[in-house]
Each structure stands twice: as C-alpha cells, then as structure tokens.
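Reading through the structure tokens given below for one structure.
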Amino acid sequence: MRRLWFNSPILQQSAVLSRALSHLIENDSIKIYLAYDHPWWRDLGLEPGRSVSDGPLRQTIYLQEDPSGASLIMASYSFGRHAFHTFPSLESSPTEQAAGQLDGAIIREVTDALSDLHGITVPLPIDGRGVRWGDTTVGSDIPLWGPGVEPWKMTRELIAPLDRRRLFVCGDALSLNQGWVLGALQTTAHVLDLI
Ligand SMILES: Cc1cc2nc3c(=O)[nH]c(=O)nc-3n(C[C@H](O)[C@H](O)[C@H](O)COP(=O)(O)OP(=O)(O)OC[C@H]3O[C@@H](n4cnc5c(N)ncnc54)[C@H](O)[C@@H]3O)c2cc1C
C-alpha cells in the first residue's frame, strides 16, 4: 500500500491516507502447523476456532478434523518482533522438499507451550511444519496499525481518500482485519457500497 502511495502523486494529496500509512507497522510473522491422529483439544470441549494468549504461541487455531479423526492445529500465528524472537531457528525460506518441516527441538518447545496453555500434557504431533516471514524486499511483512490509532474512525476516508475525486482504495493494509484476505474483501465491499 505504501508502494502504491509512493508512486501516486494523487494519493499523496490525501492527508488522511498519508497519515494512516505513517502509522502502519510492518511485522514479521510465523505460522506453525501440527498434525495429530486425534484432535486432543476436542477432549477439552474445544470446538474448531481460535484462542489468543499472551504466551509464546499468541494465536492457536483449532481446525476442523478429517472424518478419519486425523486433525491439524495451527499452533501459532504470531506477528511482530515477538514472532521473530520466539522460534528463531524457524526457517524463513524452506525449500519445497523440506516444506518447512520442524525439527524435534521446536516441536517439543511448541508442545510444552501448548501444554501450558491448555493445562494438560499435550501429545507429540505426528508431523510439524512452520515458516517465518519477514522480508520487506519481497513485501512479505504483515502490516498492522500502530498503537493509539483508531482505524475504525477513518474507514470511509481511507477508502475514498480524496473528497472530490471518485478514487477508491481497498486492501487489507487499511482494514480492520489486517493480515487476512477477509480484510481485503471487507474494504472491497465498502468500495462497492460507495460506488
Ligand atoms: C506471509 C503471509 C501469510 C499470509 N497468510 C494468510 C492466510 O493464511 N490467510 C489469509 O486470509 N491471509 C493471509 N495473508 C494475508 C493476505 O495475503 C492479504 O490479506 C491479501 O493478500 C491482501 O490482499 P490485497 O489485495 O489487499 O493486497 P496484495 O495481495 O498485497 O495485492 C496488492 C497488489 O498490488 C501490487 N502493487 C503494488 N504496488 C503497485 C503499483 N505501484 N502498481 C501496480 N501494482 C502494484 C502488488 O504487486 C500486489 O500484487 C498472509 C500474508 C502474508 C504476507
């Protein structure tokens, strides 16, 4: 979004967009997937969905299991400097062959964190994959609003940033669901509402 703004003298005329972009912070992110032959979280009464914590895993996403019972959990989707420090040995560009396969040490570390989070001894997974993103040169960082910004108060001005021009901007970077395709779609829907 910044690149687009940087190349567009018209967009640069918008004070609100220019200010908003200066409040976006680029973030490293990590994702760790663990596969189990049994969805142990179901035994705790957990449904498919998401939990958020201030522990090392931050977000844990419980995915819908296969009818065979095989199941997958996204045991971390973390953003920010924290993500970078949590599992520093996570590969940032796994080869297709390695496909981000986690080594035993990381798997044990994540399993310990899951055990702390759920208050049980979580079994070791049958497989684990992970990746770390954080390369600004290819634009793989996640943009998040910085502290103190109230983006919900600017939604309309961000999408139609210039008063007298029928010029619209959409994308997850300016949304209330940054880091998700949903955010891009929501801002697109706002544009469609306006035109
Ligand atoms: C590492 C990573 C993992 C992610 N994982 C998920 C996930 O699991 N689930 C999920 O829902 N979302 C995920 N996302 C977020 C998702 O990728 C974004 O929300 C989505 O791509 C945003 O769409 P967009 O159209 O706003 O922007 P983009 O997809 O970034 O599209 C912007 C386009 O504009 C082009 N562009 C830039 N400048 C110019 C210019 N001057 N002229 C012409 N074109 C230009 C860019 O090349 C790009 O193609 C992830 C993002 C990252 C970085």
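Chain identifiers are assigned as A, B, and so on, following the order in which chains appear in the structure tokens; residues are numbered from 1 within each chain, and ligands are numbered from 1 in order of appearance.
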Expected answer as a PyMOL selection string: residues within 6 Å of ligand 1, only C-alpha atoms and all ligand atoms: chain A and resi 3-4+7+133+140-142+171-172+179-182+184
I want to know what sits within 8 Å of segment 115-120 of chain A, based on only C-alpha atoms, with residues of the same chain fewer than 3 positions away left out; could you give that as a PyMOL selection string? chain A and resi 53+55+111-112
When DSSP works through the backbone of this structure, what residues of chain A end up as strand (DSSP E or B), shown as JSON, numbers by chain? {"A": [24, 25, 26, 27, 29, 30, 31, 32, 33, 34, 35, 36, 49, 50, 51, 52, 59, 60, 61, 62, 71, 72, 73, 74, 75, 76, 77, 78, 79, 101, 127, 128, 129, 130, 131, 132, 133, 142, 143, 144, 145]}
Using the selection just defined, write its residues with C-alpha atoms as a PDB file, in the first residue's frame.
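Result file out-v9.pdb:
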```pdb
ATOM      1  CA  LEU A  24       1.307   1.204   9.740  1.00  0.00           C
ATOM      2  CA  ILE A  25       3.960  -1.042  11.198  1.00  0.00           C
ATOM      3  CA  GLU A  26       5.439  -3.890   9.165  1.00  0.00           C
ATOM      4  CA  ASN A  27       5.605  -7.100  11.108  1.00  0.00           C
ATOM      5  CA  SER A  29       5.137 -13.337  11.268  1.00  0.00           C
ATOM      6  CA  ILE A  30       5.344 -17.050  11.907  1.00  0.00           C
ATOM      7  CA  LYS A  31       2.974 -19.935  11.337  1.00  0.00           C
ATOM      8  CA  ILE A  32       3.346 -23.385  12.847  1.00  0.00           C
ATOM      9  CA  TYR A  33       1.094 -26.301  11.907  1.00  0.00           C
ATOM     10  CA  LEU A  34       0.989 -29.563  13.876  1.00  0.00           C
ATOM     11  CA  ALA A  35      -0.748 -32.743  12.717  1.00  0.00           C
ATOM     12  CA  TYR A  36      -2.285 -35.274  15.117  1.00  0.00           C
ATOM     13  CA  GLY A  49     -11.949 -21.864  16.237  1.00  0.00           C
ATOM     14  CA  ARG A  50      -9.229 -19.715  17.669  1.00  0.00           C
ATOM     15  CA  SER A  51      -7.722 -18.932  21.049  1.00  0.00           C
ATOM     16  CA  VAL A  52      -5.493 -15.983  21.803  1.00  0.00           C
ATOM     17  CA  GLN A  59      -2.830 -17.421  18.402  1.00  0.00           C
ATOM     18  CA  THR A  60      -3.820 -21.097  18.289  1.00  0.00           C
ATOM     19  CA  ILE A  61      -6.281 -22.122  15.618  1.00  0.00           C
ATOM     20  CA  TYR A  62      -8.141 -25.407  16.007  1.00  0.00           C
ATOM     21  CA  SER A  71      -6.536 -33.398  12.681  1.00  0.00           C
ATOM     22  CA  LEU A  72      -4.489 -30.286  12.328  1.00  0.00           C
ATOM     23  CA  ILE A  73      -3.889 -27.369  14.637  1.00  0.00           C
ATOM     24  CA  MET A  74      -2.284 -24.089  13.701  1.00  0.00           C
ATOM     25  CA  ALA A  75      -0.268 -23.834  16.874  1.00  0.00           C
ATOM     26  CA  SER A  76       0.923 -20.344  16.247  1.00  0.00           C
ATOM     27  CA  TYR A  77       0.186 -17.411  14.049  1.00  0.00           C
ATOM     28  CA  SER A  78       2.232 -14.691  15.643  1.00  0.00           C
ATOM     29  CA  PHE A  79       3.058 -11.241  14.430  1.00  0.00           C
ATOM     30  CA  GLN A 101       9.471 -29.495   8.414  1.00  0.00           C
ATOM     31  CA  ASP A 127       4.202 -34.017  11.943  1.00  0.00           C
ATOM     32  CA  GLY A 128       5.004 -30.336  12.252  1.00  0.00           C
ATOM     33  CA  ARG A 129       5.625 -27.621   9.678  1.00  0.00           C
ATOM     34  CA  GLY A 130       6.444 -23.980  10.091  1.00  0.00           C
ATOM     35  CA  VAL A 131       7.687 -20.894   8.357  1.00  0.00           C
ATOM     36  CA  ARG A 132       8.818 -17.421   9.312  1.00  0.00           C
ATOM     37  CA  TRP A 133       8.168 -14.412   7.090  1.00  0.00           C
ATOM     38  CA  ILE A 142       2.130  -8.154   7.692  1.00  0.00           C
ATOM     39  CA  PRO A 143       1.014  -4.515   8.091  1.00  0.00           C
ATOM     40  CA  LEU A 144      -0.615  -3.727  11.446  1.00  0.00           C
ATOM     41  CA  TRP A 145      -1.943  -0.477  12.885  1.00  0.00           C
TER      42      TRP A 145
END
```
Can you work out the spacing between atom CA of Gly134 of chain A and atom CA of Arg81 of chain A in Å, to one decimal?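 Interatomic distance, atom CA of Gly134 of chain A to atom CA of Arg81 of chain A: 9.8 Å.
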Selection near Leu194 of chain A, 9 Å with only C-alpha atoms, sequence-local residues under 5 positions removed, as a PDB file with all heavy atoms, in the first residue's frame:
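Saved to selection_35.pdb:
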```
ATOM      1  N   ALA A 160     -12.201   6.289   0.416  1.00  0.00           N
ATOM      2  CA  ALA A 160     -12.403   7.365  -0.566  1.00  0.00           C
ATOM      3  C   ALA A 160     -11.550   8.541  -0.081  1.00  0.00           C
ATOM      4  O   ALA A 160     -12.059   9.487   0.522  1.00  0.00           O
ATOM      5  CB  ALA A 160     -13.878   7.733  -0.628  1.00  0.00           C
ATOM      6  N   PHE A 168     -10.969   5.311  -5.323  1.00  0.00           N
ATOM      7  CA  PHE A 168     -11.179   4.452  -4.148  1.00  0.00           C
ATOM      8  C   PHE A 168      -9.968   3.557  -3.907  1.00  0.00           C
ATOM      9  O   PHE A 168      -9.285   3.155  -4.857  1.00  0.00           O
ATOM     10  CB  PHE A 168     -12.435   3.595  -4.347  1.00  0.00           C
ATOM     11  CG  PHE A 168     -13.656   4.426  -4.622  1.00  0.00           C
ATOM     12  CD1 PHE A 168     -14.100   4.614  -5.923  1.00  0.00           C
ATOM     13  CD2 PHE A 168     -14.319   5.061  -3.593  1.00  0.00           C
ATOM     14  CE1 PHE A 168     -15.207   5.403  -6.191  1.00  0.00           C
ATOM     15  CE2 PHE A 168     -15.420   5.852  -3.838  1.00  0.00           C
ATOM     16  CZ  PHE A 168     -15.872   6.023  -5.153  1.00  0.00           C
ATOM     17  N   ALA A 189     -15.716  -4.531  -0.275  1.00  0.00           N
ATOM     18  CA  ALA A 189     -17.174  -4.416  -0.135  1.00  0.00           C
ATOM     19  C   ALA A 189     -17.564  -2.972   0.194  1.00  0.00           C
ATOM     20  O   ALA A 189     -18.571  -2.458  -0.305  1.00  0.00           O
ATOM     21  CB  ALA A 189     -17.672  -5.374   0.950  1.00  0.00           C
TER      22      ALA A 189
END
```
Nearest-residue call for Arg156 of chain A, choices A:Thr187, A:Asn177, A:Thr86, A:Ser92, using only C-alpha atoms: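 The closest residue to Arg156 of chain A is A:Thr187.
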From a DSSP pass on the backbone, collect the residues of segment 4-158 of chain A flagged as alpha helix (DSSP H) and hand them back as a count of residues only. 40
Between A:Ser22, A:His38, A:Pro9, A:Leu90, which one has atoms that come closest to Pro125 of chain A, using only C-alpha atoms? A:His38
